[in-house]
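K.L.:
Could you have a look at this structure, given as structure tokens, before my questions?
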Amino acid sequence: MTAPTLPGLAPAAPNPVAPRPGSRAARMALPRSVDVLKEIAAEYGVCVRPLAMRRTDLDTGLTEVIDLPCGATREDKCAPCAKKNRRLRQAQIREGWHRDDEPLPGPETATEAQKSLILFRAHLEFSRDEAVRAAQWDQVTDLDEAIREVEEAIAAEGLRGRVGPPHAGVDEDQDEEPGRRRKRSTRRRQDAPELPRRKVERRTVGKTYTGRDGSTFRPSMWLTLTLDSYGPVRPDGTPLNLDRYDYRRAAWDAVHFPRLLDRFWQNLRRCEGWNVQYAGCVEPQRRLAPHAHFAIRGTIPRDVLRTVAAATYHQVWWPAVNVQRYTLDRLPVWDDQAAAWIDPDTREPLTTWTEALDAIDDDLGAEPVHVVRFGAQVDARGVMPGTEDAERTIRYVTKYITKHTGDVHKATTERQRKHLDRLWQQLQLTPCTERCANWLLYGVQPKKAHAKLKPGRCKGKVHQRDTLGIGGRRILISRDWSGKTLADHKHDVRAWVRALLGATTDSATAGQLVDDQGATAERIRHAWEVARPDDPDVGPLAHRLMRSISERARWRSELLAAKDRAAQGSTDLSATQHSAQHDGEGTQ
């Protein structure tokens, strides 16, 4: 006879048993309607956290609440807006990568009215100089007012920029903090190879190559730049020896990586002799060190890229940080009377920022506190326009721009978490700028020090755990890449959709509304203000999301129908042309 099995000790069934209908397990297995609503919103590209704006018609007084997208660039905040921003960046990279013409035309010729204003401004400058020489300060004041009015007229006439810097007043000749401009030697380091320097041409497109069959093609490139090694690492990105890994140099390199990239493009343009254009993204490697992927317009020899990367460096001329004089348990204190940070024991003021830099200038054998360099790994390859490889590269460059830097590589093991913690702890103690509060830990008052500084708790982005030292912009696009800003590309997308749907953009038929660029035809008809969530005219978020989903679904149906009509029209046109060509051949 077999003894009965106690409840709860029976072996698990090979297949899961469906929960009893009506039980709590069955109810919890049902999908939540709110989650389904958000999934559908993400499917149709509807912002899940819209900003409610109240629009008031200034003519009729009619008020309505309109939901505007939040414009988030991270998926953890709003996935639809982040994906929209990613597609927009992909379009921006795609439009400027394989261009065969210059994106920005030259400026237009100045009109006679503009020239006359500049000439009148020159006469005022001459008169002001004579008044200053004769010490006629009342006339100087009148001439300064006239100069200000003329410069406003010059700007209203359609000229860009200032014709000249503004004049300082009699009491404005000295700044609040007088001091000379510091100059560093431009001599290259002895441990860096020399670079050839050519006169830069005024072009941004690459060379055109001709094949044996007479066909022409203009390829471009894809480039990856990495930092130097800080110690051997495992396949999962963690160091072989955590104690020997140079976390201090890794933190300093991450903070100053953007300056190193700027120096690289400056050296490359001087070495190649033309204005090289780039578009790329900065993201962390598996070892958590930043590296950058770039799409380059035109082709550059790989040896040149490796030589420029090896010869590029950035020197940080800051006070020495070899010894940390204070800890988080023993910090300097602020003295209101002296308006300075002082030692908690001796009550002596800490070294000011100006004094620390003066000491570096007076020391003939001074060395920079840190030098940032690229690593030996430089990956470069050619990409042909219009190929699947080009589209795949664009997707790869923008792969992680919708994620936080710390979310690119998740720490799944205890060793990875220790590696992340050590790097973050070092970043918390690394000064990020001249005004960083961490300078107080090393006995130096930062530039423009004040009482609200908290050493070790600087609010800079590079000190946060989510950034891993990458505190600046992660998307880096040169100025002459496509000749357009991100707002211009958004306007192009809207214009394409309106043209496909046959919608008019004429201000006369649109009631003189403000267009996408913020310009108005004659006057502003509507006033906008932010609506609070608890306002009576602001409905629940779920109701607003359902209205937006319905509207977006109808828009998508209309857009797909318009695409089908356009495709059918092009097919009919080609068939008509083919028939006409066939009829013409038959008559001959």
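Ordering of the structure tokens sets the chain letters (A, B, ...); residue numbers start at 1 within each chain; ligands are numbered from 1 in the order shown.
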I'd like to know which residues of range 385-518 of chain A are helix (DSSP H, G or I) (by DSSP, run on the backbone); could you write them as a VMD selection string?
P.N.:
chain A and resid 388 to 397 405 to 407 414 to 429 437 to 442 461 to 463 486 to 501
K.L.:
Kindly export the residues of the current selection with N, CA and C atoms, as a compact mmCIF listing (two decimals), in the first residue's frame.
P.N.:
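Wrote it out as result00.txt, contents follow:
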```txt
# COMPACT_ATOMS: atom_id res chain seq x y z
N GLU A 388 22.11 48.12 -49.52
CA GLU A 388 21.61 47.66 -48.24
C GLU A 388 22.65 47.86 -47.14
N ASP A 389 23.93 47.82 -47.52
CA ASP A 389 24.98 48.06 -46.54
C ASP A 389 24.89 49.47 -45.98
N ALA A 390 24.53 50.44 -46.82
CA ALA A 390 24.40 51.82 -46.34
C ALA A 390 23.24 51.95 -45.34
N GLU A 391 22.09 51.33 -45.66
CA GLU A 391 20.96 51.39 -44.74
C GLU A 391 21.26 50.65 -43.44
N ARG A 392 21.95 49.53 -43.53
CA ARG A 392 22.30 48.78 -42.33
C ARG A 392 23.28 49.58 -41.46
N THR A 393 24.18 50.30 -42.07
CA THR A 393 25.12 51.13 -41.31
C THR A 393 24.40 52.27 -40.62
N ILE A 394 23.44 52.89 -41.28
CA ILE A 394 22.68 53.97 -40.64
C ILE A 394 21.92 53.45 -39.43
N ARG A 395 21.32 52.26 -39.57
CA ARG A 395 20.61 51.68 -38.43
C ARG A 395 21.58 51.35 -37.30
N TYR A 396 22.79 50.93 -37.65
CA TYR A 396 23.77 50.61 -36.62
C TYR A 396 24.26 51.85 -35.89
N VAL A 397 24.46 52.95 -36.62
CA VAL A 397 24.92 54.19 -35.99
C VAL A 397 23.89 54.70 -35.00
N THR A 405 22.83 55.95 -21.60
CA THR A 405 24.15 55.37 -21.77
C THR A 405 24.33 54.15 -20.87
N GLY A 406 23.85 54.23 -19.65
CA GLY A 406 23.99 53.11 -18.74
C GLY A 406 23.11 51.93 -19.07
N ASP A 407 22.11 52.11 -19.95
CA ASP A 407 21.21 51.02 -20.33
C ASP A 407 21.64 50.29 -21.59
N GLU A 414 27.58 39.77 -11.06
CA GLU A 414 28.14 40.52 -9.93
C GLU A 414 29.45 41.19 -10.32
N ARG A 415 30.23 40.57 -11.18
CA ARG A 415 31.50 41.17 -11.62
C ARG A 415 31.24 42.43 -12.47
N GLN A 416 30.24 42.37 -13.32
CA GLN A 416 29.91 43.55 -14.11
C GLN A 416 29.40 44.69 -13.24
N ARG A 417 28.64 44.36 -12.22
CA ARG A 417 28.16 45.40 -11.31
C ARG A 417 29.30 46.03 -10.52
N LYS A 418 30.28 45.25 -10.10
CA LYS A 418 31.44 45.80 -9.41
C LYS A 418 32.25 46.71 -10.33
N HIS A 419 32.41 46.30 -11.58
CA HIS A 419 33.13 47.13 -12.54
C HIS A 419 32.41 48.46 -12.77
N LEU A 420 31.09 48.42 -12.88
CA LEU A 420 30.32 49.64 -13.05
C LEU A 420 30.40 50.53 -11.81
N ASP A 421 30.34 49.94 -10.63
CA ASP A 421 30.40 50.72 -9.40
C ASP A 421 31.75 51.41 -9.24
N ARG A 422 32.83 50.73 -9.58
CA ARG A 422 34.15 51.33 -9.44
C ARG A 422 34.33 52.50 -10.41
N LEU A 423 33.87 52.34 -11.64
CA LEU A 423 33.97 53.44 -12.59
C LEU A 423 33.11 54.62 -12.15
N TRP A 424 31.91 54.34 -11.65
CA TRP A 424 31.03 55.43 -11.20
C TRP A 424 31.61 56.14 -9.99
N GLN A 425 32.22 55.40 -9.06
CA GLN A 425 32.83 56.03 -7.90
C GLN A 425 33.98 56.95 -8.30
N GLN A 426 34.74 56.55 -9.31
CA GLN A 426 35.82 57.41 -9.78
C GLN A 426 35.29 58.64 -10.49
N LEU A 427 34.18 58.48 -11.23
CA LEU A 427 33.58 59.62 -11.92
C LEU A 427 33.02 60.63 -10.93
N GLN A 428 32.56 60.17 -9.78
CA GLN A 428 32.03 61.09 -8.78
C GLN A 428 33.10 62.00 -8.20
N LEU A 429 34.36 61.57 -8.24
CA LEU A 429 35.45 62.36 -7.69
C LEU A 429 36.25 63.11 -8.75
N ALA A 437 32.33 71.37 -8.33
CA ALA A 437 32.52 71.40 -6.88
C ALA A 437 33.57 70.40 -6.42
N ASN A 438 33.92 69.43 -7.23
CA ASN A 438 34.91 68.43 -6.83
C ASN A 438 36.31 69.01 -6.67
N TRP A 439 36.56 70.20 -7.20
CA TRP A 439 37.88 70.81 -7.01
C TRP A 439 38.16 71.06 -5.53
N LEU A 440 37.13 71.24 -4.74
CA LEU A 440 37.34 71.47 -3.31
C LEU A 440 37.96 70.25 -2.63
N LEU A 441 37.75 69.06 -3.17
CA LEU A 441 38.36 67.87 -2.59
C LEU A 441 39.87 67.88 -2.74
N TYR A 442 40.38 68.63 -3.72
CA TYR A 442 41.82 68.69 -3.98
C TYR A 442 42.44 70.01 -3.52
N LYS A 461 26.30 66.12 -15.60
CA LYS A 461 25.81 64.85 -16.16
C LYS A 461 26.88 63.76 -16.14
N VAL A 462 28.16 64.14 -16.21
CA VAL A 462 29.20 63.13 -16.29
C VAL A 462 29.32 62.35 -14.97
N HIS A 463 28.81 62.90 -13.88
CA HIS A 463 28.90 62.22 -12.59
C HIS A 463 27.74 61.26 -12.33
N LEU A 486 17.51 70.08 -37.43
CA LEU A 486 16.52 69.04 -37.18
C LEU A 486 15.11 69.56 -37.39
N ALA A 487 14.87 70.83 -37.08
CA ALA A 487 13.56 71.43 -37.34
C ALA A 487 13.27 71.50 -38.84
N ASP A 488 14.30 71.75 -39.65
CA ASP A 488 14.10 71.77 -41.10
C ASP A 488 13.71 70.39 -41.62
N HIS A 489 14.32 69.35 -41.10
CA HIS A 489 13.97 68.00 -41.53
C HIS A 489 12.54 67.64 -41.10
N LYS A 490 12.12 68.08 -39.92
CA LYS A 490 10.74 67.86 -39.51
C LYS A 490 9.77 68.57 -40.47
N HIS A 491 10.12 69.78 -40.85
CA HIS A 491 9.28 70.52 -41.79
C HIS A 491 9.21 69.81 -43.13
N ASP A 492 10.31 69.21 -43.60
CA ASP A 492 10.29 68.48 -44.86
C ASP A 492 9.37 67.27 -44.79
N VAL A 493 9.37 66.58 -43.64
CA VAL A 493 8.49 65.42 -43.50
C VAL A 493 7.03 65.86 -43.55
N ARG A 494 6.70 66.94 -42.86
CA ARG A 494 5.32 67.43 -42.88
C ARG A 494 4.92 67.88 -44.29
N ALA A 495 5.84 68.55 -44.97
CA ALA A 495 5.54 69.01 -46.33
C ALA A 495 5.33 67.83 -47.28
N TRP A 496 6.10 66.75 -47.10
CA TRP A 496 5.92 65.57 -47.95
C TRP A 496 4.56 64.93 -47.71
N VAL A 497 4.16 64.83 -46.46
CA VAL A 497 2.86 64.23 -46.14
C VAL A 497 1.73 65.09 -46.69
N ARG A 498 1.84 66.40 -46.53
CA ARG A 498 0.79 67.28 -47.04
C ARG A 498 0.70 67.23 -48.56
N ALA A 499 1.86 67.17 -49.22
CA ALA A 499 1.82 67.08 -50.68
C ALA A 499 1.23 65.76 -51.14
N LEU A 500 1.52 64.68 -50.42
CA LEU A 500 0.97 63.38 -50.80
C LEU A 500 -0.54 63.33 -50.59
N LEU A 501 -1.01 63.97 -49.52
CA LEU A 501 -2.45 63.98 -49.24
C LEU A 501 -3.19 65.06 -50.01
```
K.L.:
Write out as a PyMOL selection string all residues of range 175-409 of chain A that DSSP puts in strand (DSSP E or B) for this structure's backbone.
P.N.:
chain A and resi 201+209-210+216-217+220-227+233+239+274+278-284+290-296+313-316+333-335+340-342+349+351+370-383
K.L.:
For each of A:Gly206, A:Pro103, A:Gly443, A:Gly569, take the minimum atom-to-atom distance to Pro301 in chain A, counting only C-alpha atoms, then give the residue where this is smallest.
P.N.:
A:Gly206
K.L.:
I'd like the contact shell of range 31-38 of chain A - 10 Å cut-off, only C-alpha atoms, skipping same-chain residues fewer than 6 positions apart - returned as a PyMOL selection string.
P.N.:
chain A and resi 44+46-48+542+545-546+549
K.L.:
Write out the residues from the selection above, keeping all heavy atoms, as a JSON list (two decimals), in the first residue's frame.
P.N.:
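Once written, result-v7.json looks like this:
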```
[["chain", "number", "residue", "atom", "x", "y", "z"],
["A", 44, "TYR", "N", 0.77, 52.95, -33.13],
["A", 44, "TYR", "CA", 0.36, 54.02, -34.04],
["A", 44, "TYR", "C", 1.22, 55.29, -33.89],
["A", 44, "TYR", "O", 0.93, 56.29, -34.53],
["A", 44, "TYR", "CB", -1.11, 54.37, -33.83],
["A", 44, "TYR", "CG", -2.05, 53.39, -34.47],
["A", 44, "TYR", "CD1", -2.53, 52.29, -33.76],
["A", 44, "TYR", "CD2", -2.47, 53.54, -35.78],
["A", 44, "TYR", "CE1", -3.40, 51.38, -34.33],
["A", 44, "TYR", "CE2", -3.33, 52.64, -36.37],
["A", 44, "TYR", "CZ", -3.79, 51.56, -35.65],
["A", 44, "TYR", "OH", -4.64, 50.66, -36.23],
["A", 46, "VAL", "N", 1.62, 57.27, -31.19],
["A", 46, "VAL", "CA", 0.98, 58.31, -30.38],
["A", 46, "VAL", "C", 1.77, 58.49, -29.10],
["A", 46, "VAL", "O", 2.12, 57.52, -28.42],
["A", 46, "VAL", "CB", -0.48, 57.94, -30.07],
["A", 46, "VAL", "CG1", -1.11, 58.97, -29.15],
["A", 46, "VAL", "CG2", -1.28, 57.83, -31.36],
["A", 47, "CYS", "N", 2.07, 59.72, -28.75],
["A", 47, "CYS", "CA", 2.81, 60.03, -27.53],
["A", 47, "CYS", "C", 1.99, 59.58, -26.31],
["A", 47, "CYS", "O", 0.80, 59.90, -26.21],
["A", 47, "CYS", "CB", 3.11, 61.52, -27.44],
["A", 47, "CYS", "SG", 3.95, 62.04, -25.94],
["A", 48, "VAL", "N", 2.63, 58.84, -25.39],
["A", 48, "VAL", "CA", 1.93, 58.30, -24.23],
["A", 48, "VAL", "C", 1.95, 59.27, -23.05],
["A", 48, "VAL", "O", 1.31, 59.01, -22.04],
["A", 48, "VAL", "CB", 2.54, 56.96, -23.81],
["A", 48, "VAL", "CG1", 2.36, 55.92, -24.90],
["A", 48, "VAL", "CG2", 4.02, 57.11, -23.46],
["A", 542, "ALA", "N", -6.45, 58.85, -20.43],
["A", 542, "ALA", "CA", -6.91, 57.73, -21.24],
["A", 542, "ALA", "C", -7.83, 58.20, -22.36],
["A", 542, "ALA", "O", -7.74, 57.72, -23.50],
["A", 542, "ALA", "CB", -7.62, 56.70, -20.36],
["A", 545, "LEU", "N", -5.71, 59.87, -25.02],
["A", 545, "LEU", "CA", -4.96, 58.90, -25.81],
["A", 545, "LEU", "C", -5.85, 58.19, -26.81],
["A", 545, "LEU", "O", -5.45, 57.97, -27.97],
["A", 545, "LEU", "CB", -4.31, 57.87, -24.88],
["A", 545, "LEU", "CG", -3.09, 58.33, -24.07],
["A", 545, "LEU", "CD1", -2.57, 57.20, -23.21],
["A", 545, "LEU", "CD2", -1.98, 58.85, -24.98],
["A", 546, "MET", "N", -7.07, 57.83, -26.42],
["A", 546, "MET", "CA", -7.97, 57.15, -27.36],
["A", 546, "MET", "C", -8.34, 58.06, -28.52],
["A", 546, "MET", "O", -8.42, 57.61, -29.66],
["A", 546, "MET", "CB", -9.22, 56.67, -26.61],
["A", 546, "MET", "CG", -8.97, 55.45, -25.72],
["A", 546, "MET", "SD", -10.47, 54.76, -24.99],
["A", 546, "MET", "CE", -10.82, 55.96, -23.71],
["A", 549, "ILE", "N", -5.31, 58.14, -30.79],
["A", 549, "ILE", "CA", -5.14, 56.89, -31.54],
["A", 549, "ILE", "C", -6.12, 56.83, -32.70],
["A", 549, "ILE", "O", -5.76, 56.43, -33.82],
["A", 549, "ILE", "CB", -5.33, 55.69, -30.59],
["A", 549, "ILE", "CG1", -4.17, 55.60, -29.59],
["A", 549, "ILE", "CG2", -5.46, 54.39, -31.37],
["A", 549, "ILE", "CD1", -4.37, 54.55, -28.53]]
```
K.L.:
Excluding same-chain residues fewer than 5 positions from Asp345 in chain A, what lies within 10 Å of it counting only C-alpha atoms, as a PyMOL selection string?
P.N.:
chain A and resi 330+332-333
K.L.:
Near Lys399 in chain A, within 12 Å and counting only C-alpha atoms, which residues show up once chain neighbours fewer than 3 positions away are dropped, as a list of chain:residue names?
P.N.:
A:Ala82, A:Lys83, A:Arg86, A:Arg87, A:Arg89, A:Gln90, A:Gly280, A:Cys281, A:Val282, A:Glu283, A:His293, A:Arg392, A:Thr393, A:Ile394, A:Arg395, A:Tyr396, A:Thr402, A:Lys403, A:His404, A:Thr405, A:Val408, A:Arg474, A:Ile475
K.L.:
Can you spit out the residues from that selection as a PDB file, in the first residue's frame, using N, CA, C and O atoms?
P.N.:
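Okay, selection_38.pdb is ready:
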```pdb
ATOM      1  N   ALA A  82      10.546  58.687 -28.925  1.00  0.00           N
ATOM      2  CA  ALA A  82      11.947  58.315 -29.102  1.00  0.00           C
ATOM      3  C   ALA A  82      12.172  57.649 -30.459  1.00  0.00           C
ATOM      4  O   ALA A  82      13.161  57.930 -31.143  1.00  0.00           O
ATOM      5  N   LYS A  83      11.269  56.774 -30.858  1.00  0.00           N
ATOM      6  CA  LYS A  83      11.399  56.132 -32.173  1.00  0.00           C
ATOM      7  C   LYS A  83      11.234  57.145 -33.297  1.00  0.00           C
ATOM      8  O   LYS A  83      11.904  57.054 -34.336  1.00  0.00           O
ATOM      9  N   ARG A  86      14.447  58.911 -33.593  1.00  0.00           N
ATOM     10  CA  ARG A  86      15.455  58.051 -34.209  1.00  0.00           C
ATOM     11  C   ARG A  86      15.271  57.996 -35.715  1.00  0.00           C
ATOM     12  O   ARG A  86      16.254  58.066 -36.480  1.00  0.00           O
ATOM     13  N   ARG A  87      14.028  57.875 -36.191  1.00  0.00           N
ATOM     14  CA  ARG A  87      13.791  57.874 -37.634  1.00  0.00           C
ATOM     15  C   ARG A  87      14.179  59.213 -38.256  1.00  0.00           C
ATOM     16  O   ARG A  87      14.694  59.262 -39.386  1.00  0.00           O
ATOM     17  N   ARG A  89      16.575  61.222 -37.169  1.00  0.00           N
ATOM     18  CA  ARG A  89      18.032  61.240 -37.249  1.00  0.00           C
ATOM     19  C   ARG A  89      18.533  60.375 -38.398  1.00  0.00           C
ATOM     20  O   ARG A  89      19.503  60.723 -39.087  1.00  0.00           O
ATOM     21  N   GLN A  90      17.890  59.230 -38.614  1.00  0.00           N
ATOM     22  CA  GLN A  90      18.274  58.389 -39.733  1.00  0.00           C
ATOM     23  C   GLN A  90      18.064  59.096 -41.067  1.00  0.00           C
ATOM     24  O   GLN A  90      18.905  59.010 -41.964  1.00  0.00           O
ATOM     25  N   GLY A 280      27.457  61.106 -36.615  1.00  0.00           N
ATOM     26  CA  GLY A 280      27.646  59.869 -35.875  1.00  0.00           C
ATOM     27  C   GLY A 280      27.055  59.924 -34.486  1.00  0.00           C
ATOM     28  O   GLY A 280      26.313  60.845 -34.128  1.00  0.00           O
ATOM     29  N   CYS A 281      27.403  58.927 -33.698  1.00  0.00           N
ATOM     30  CA  CYS A 281      26.848  58.750 -32.368  1.00  0.00           C
ATOM     31  C   CYS A 281      27.939  58.255 -31.434  1.00  0.00           C
ATOM     32  O   CYS A 281      28.806  57.475 -31.838  1.00  0.00           O
ATOM     33  N   VAL A 282      27.896  58.721 -30.178  1.00  0.00           N
ATOM     34  CA  VAL A 282      28.820  58.284 -29.137  1.00  0.00           C
ATOM     35  C   VAL A 282      28.075  57.341 -28.200  1.00  0.00           C
ATOM     36  O   VAL A 282      26.965  57.655 -27.749  1.00  0.00           O
ATOM     37  N   GLU A 283      28.666  56.194 -27.921  1.00  0.00           N
ATOM     38  CA  GLU A 283      28.043  55.199 -27.055  1.00  0.00           C
ATOM     39  C   GLU A 283      29.134  54.423 -26.335  1.00  0.00           C
ATOM     40  O   GLU A 283      30.293  54.446 -26.753  1.00  0.00           O
ATOM     41  N   HIS A 293      30.891  56.083 -33.561  1.00  0.00           N
ATOM     42  CA  HIS A 293      30.678  55.631 -34.936  1.00  0.00           C
ATOM     43  C   HIS A 293      30.313  56.847 -35.782  1.00  0.00           C
ATOM     44  O   HIS A 293      29.437  57.635 -35.395  1.00  0.00           O
ATOM     45  N   ARG A 392      21.947  49.529 -43.535  1.00  0.00           N
ATOM     46  CA  ARG A 392      22.298  48.776 -42.330  1.00  0.00           C
ATOM     47  C   ARG A 392      23.276  49.576 -41.462  1.00  0.00           C
ATOM     48  O   ARG A 392      23.187  49.552 -40.222  1.00  0.00           O
ATOM     49  N   THR A 393      24.177  50.303 -42.071  1.00  0.00           N
ATOM     50  CA  THR A 393      25.116  51.125 -41.312  1.00  0.00           C
ATOM     51  C   THR A 393      24.402  52.273 -40.616  1.00  0.00           C
ATOM     52  O   THR A 393      24.715  52.605 -39.465  1.00  0.00           O
ATOM     53  N   ILE A 394      23.443  52.887 -41.276  1.00  0.00           N
ATOM     54  CA  ILE A 394      22.676  53.967 -40.644  1.00  0.00           C
ATOM     55  C   ILE A 394      21.915  53.449 -39.433  1.00  0.00           C
ATOM     56  O   ILE A 394      21.860  54.094 -38.381  1.00  0.00           O
ATOM     57  N   ARG A 395      21.319  52.263 -39.569  1.00  0.00           N
ATOM     58  CA  ARG A 395      20.609  51.678 -38.426  1.00  0.00           C
ATOM     59  C   ARG A 395      21.575  51.349 -37.299  1.00  0.00           C
ATOM     60  O   ARG A 395      21.234  51.482 -36.115  1.00  0.00           O
ATOM     61  N   TYR A 396      22.793  50.933 -37.651  1.00  0.00           N
ATOM     62  CA  TYR A 396      23.769  50.607 -36.618  1.00  0.00           C
ATOM     63  C   TYR A 396      24.256  51.854 -35.889  1.00  0.00           C
ATOM     64  O   TYR A 396      24.466  51.841 -34.676  1.00  0.00           O
ATOM     65  N   THR A 402      18.213  55.871 -28.500  1.00  0.00           N
ATOM     66  CA  THR A 402      16.971  55.964 -27.725  1.00  0.00           C
ATOM     67  C   THR A 402      17.120  55.409 -26.313  1.00  0.00           C
ATOM     68  O   THR A 402      16.134  55.332 -25.584  1.00  0.00           O
ATOM     69  N   LYS A 403      18.330  55.027 -25.938  1.00  0.00           N
ATOM     70  CA  LYS A 403      18.565  54.459 -24.620  1.00  0.00           C
ATOM     71  C   LYS A 403      19.514  55.346 -23.825  1.00  0.00           C
ATOM     72  O   LYS A 403      20.316  56.089 -24.396  1.00  0.00           O
ATOM     73  N   HIS A 404      19.424  55.258 -22.500  1.00  0.00           N
ATOM     74  CA  HIS A 404      20.410  55.885 -21.639  1.00  0.00           C
ATOM     75  C   HIS A 404      21.754  55.201 -21.845  1.00  0.00           C
ATOM     76  O   HIS A 404      21.827  54.014 -22.206  1.00  0.00           O
ATOM     77  N   THR A 405      22.826  55.950 -21.596  1.00  0.00           N
ATOM     78  CA  THR A 405      24.150  55.369 -21.768  1.00  0.00           C
ATOM     79  C   THR A 405      24.333  54.151 -20.873  1.00  0.00           C
ATOM     80  O   THR A 405      24.900  53.140 -21.280  1.00  0.00           O
ATOM     81  N   VAL A 408      22.725  50.754 -22.224  1.00  0.00           N
ATOM     82  CA  VAL A 408      23.178  50.102 -23.453  1.00  0.00           C
ATOM     83  C   VAL A 408      23.678  48.687 -23.148  1.00  0.00           C
ATOM     84  O   VAL A 408      23.365  47.725 -23.848  1.00  0.00           O
ATOM     85  N   ARG A 474      25.164  63.069 -27.535  1.00  0.00           N
ATOM     86  CA  ARG A 474      25.575  61.780 -28.081  1.00  0.00           C
ATOM     87  C   ARG A 474      25.479  61.748 -29.596  1.00  0.00           C
ATOM     88  O   ARG A 474      26.145  60.941 -30.237  1.00  0.00           O
ATOM     89  N   ILE A 475      24.649  62.594 -30.183  1.00  0.00           N
ATOM     90  CA  ILE A 475      24.548  62.691 -31.631  1.00  0.00           C
ATOM     91  C   ILE A 475      25.422  63.853 -32.086  1.00  0.00           C
ATOM     92  O   ILE A 475      25.199  65.004 -31.694  1.00  0.00           O
TER      93      ILE A 475
END
```
K.L.:
Which residue, A:Glu551, A:Leu288, A:Lys115, A:Asp537, has the smallest gap to Arg465 in chain A when you use only C-alpha atoms?
P.N.:
A:Leu288
K.L.:
Excluding Arg182 in chain A and its own-chain neighbours fewer than 5 positions away, which residues fall within 10 Å of it when counting only C-alpha atoms? Please give them as a list in words.
P.N.:
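So the residues in contact are Leu357, Asp358 and Asp361 of chain A.
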K.L.:
Applying 10 Å and only C-alpha atoms, which residues near Leu305 in chain A remain after dropping the ones on its own chain fewer than 2 positions away? List them as a list of chain:residue names.
P.N.:
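Contacts, in chain order: A:Leu223, A:Leu225, A:Phe264, A:Leu268, A:Cys271, A:Glu272, A:Ile300, A:Pro301, A:Arg302, A:Asp303, A:Thr307, A:Val308, A:Ala309, A:Ala310, A:Ala311, A:Val378, A:Asp379, A:Ala380.
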K.L.:
Keeping N, CA and C atoms for every residue in the selection just given, could you write it to a file as an mmCIF file, in the first residue's frame?
P.N.:
```
data_model
loop_
_atom_site.group_PDB
_atom_site.id
_atom_site.type_symbol
_atom_site.label_atom_id
_atom_site.label_comp_id
_atom_site.auth_asym_id
_atom_site.auth_seq_id
_atom_site.Cartn_x
_atom_site.Cartn_y
_atom_site.Cartn_z
ATOM 1 N N LEU A 223 33.328 55.027 -40.029
ATOM 2 C CA LEU A 223 34.513 55.058 -39.180
ATOM 3 C C LEU A 223 34.126 54.828 -37.726
ATOM 4 N N LEU A 225 35.981 55.080 -33.830
ATOM 5 C CA LEU A 225 37.125 55.521 -33.034
ATOM 6 C C LEU A 225 36.926 55.068 -31.594
ATOM 7 N N PHE A 264 40.233 65.679 -33.387
ATOM 8 C CA PHE A 264 40.442 64.733 -34.487
ATOM 9 C C PHE A 264 39.930 65.302 -35.804
ATOM 10 N N LEU A 268 42.049 66.176 -39.102
ATOM 11 C CA LEU A 268 41.750 65.473 -40.350
ATOM 12 C C LEU A 268 41.491 66.462 -41.481
ATOM 13 N N CYS A 271 44.770 67.906 -42.532
ATOM 14 C CA CYS A 271 45.612 66.919 -43.199
ATOM 15 C C CYS A 271 45.103 66.592 -44.598
ATOM 16 N N GLU A 272 43.779 66.504 -44.770
ATOM 17 C CA GLU A 272 43.214 66.152 -46.062
ATOM 18 C C GLU A 272 43.103 67.345 -47.004
ATOM 19 N N ILE A 300 38.474 58.686 -47.626
ATOM 20 C CA ILE A 300 39.778 59.086 -47.111
ATOM 21 C C ILE A 300 40.597 57.809 -46.960
ATOM 22 N N PRO A 301 41.856 57.803 -47.352
ATOM 23 C CA PRO A 301 42.665 56.586 -47.185
ATOM 24 C C PRO A 301 42.700 56.124 -45.729
ATOM 25 N N ARG A 302 42.643 54.816 -45.540
ATOM 26 C CA ARG A 302 42.646 54.268 -44.186
ATOM 27 C C ARG A 302 43.940 54.592 -43.445
ATOM 28 N N ASP A 303 45.054 54.616 -44.173
ATOM 29 C CA ASP A 303 46.314 54.954 -43.515
ATOM 30 C C ASP A 303 46.286 56.380 -42.973
ATOM 31 N N THR A 307 46.731 57.386 -39.092
ATOM 32 C CA THR A 307 47.798 58.313 -38.728
ATOM 33 C C THR A 307 47.254 59.505 -37.962
ATOM 34 N N VAL A 308 46.130 60.055 -38.416
ATOM 35 C CA VAL A 308 45.533 61.204 -37.730
ATOM 36 C C VAL A 308 45.044 60.805 -36.343
ATOM 37 N N ALA A 309 44.459 59.612 -36.224
ATOM 38 C CA ALA A 309 44.000 59.158 -34.910
ATOM 39 C C ALA A 309 45.166 58.959 -33.953
ATOM 40 N N ALA A 310 46.280 58.429 -34.449
ATOM 41 C CA ALA A 310 47.435 58.225 -33.585
ATOM 42 C C ALA A 310 48.099 59.534 -33.193
ATOM 43 N N ALA A 311 47.991 60.553 -34.051
ATOM 44 C CA ALA A 311 48.641 61.833 -33.777
ATOM 45 C C ALA A 311 47.738 62.826 -33.064
ATOM 46 N N VAL A 378 41.206 51.386 -34.960
ATOM 47 C CA VAL A 378 40.513 52.334 -35.828
ATOM 48 C C VAL A 378 39.912 51.537 -36.974
ATOM 49 N N ASP A 379 38.596 51.430 -36.983
ATOM 50 C CA ASP A 379 37.889 50.636 -37.991
ATOM 51 C C ASP A 379 37.299 51.576 -39.025
ATOM 52 N N ALA A 380 37.656 51.389 -40.291
ATOM 53 C CA ALA A 380 37.161 52.228 -41.384
ATOM 54 C C ALA A 380 36.921 51.355 -42.604
#
```
K.L.:
For CA of Trp353 in chain A and CA of Ala320 in chain A, quote the distance in Å rounded to one decimal.
P.N.:
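For CA of Trp353 in chain A relative to CA of Ala320 in chain A, the distance reads 11.8 Å.
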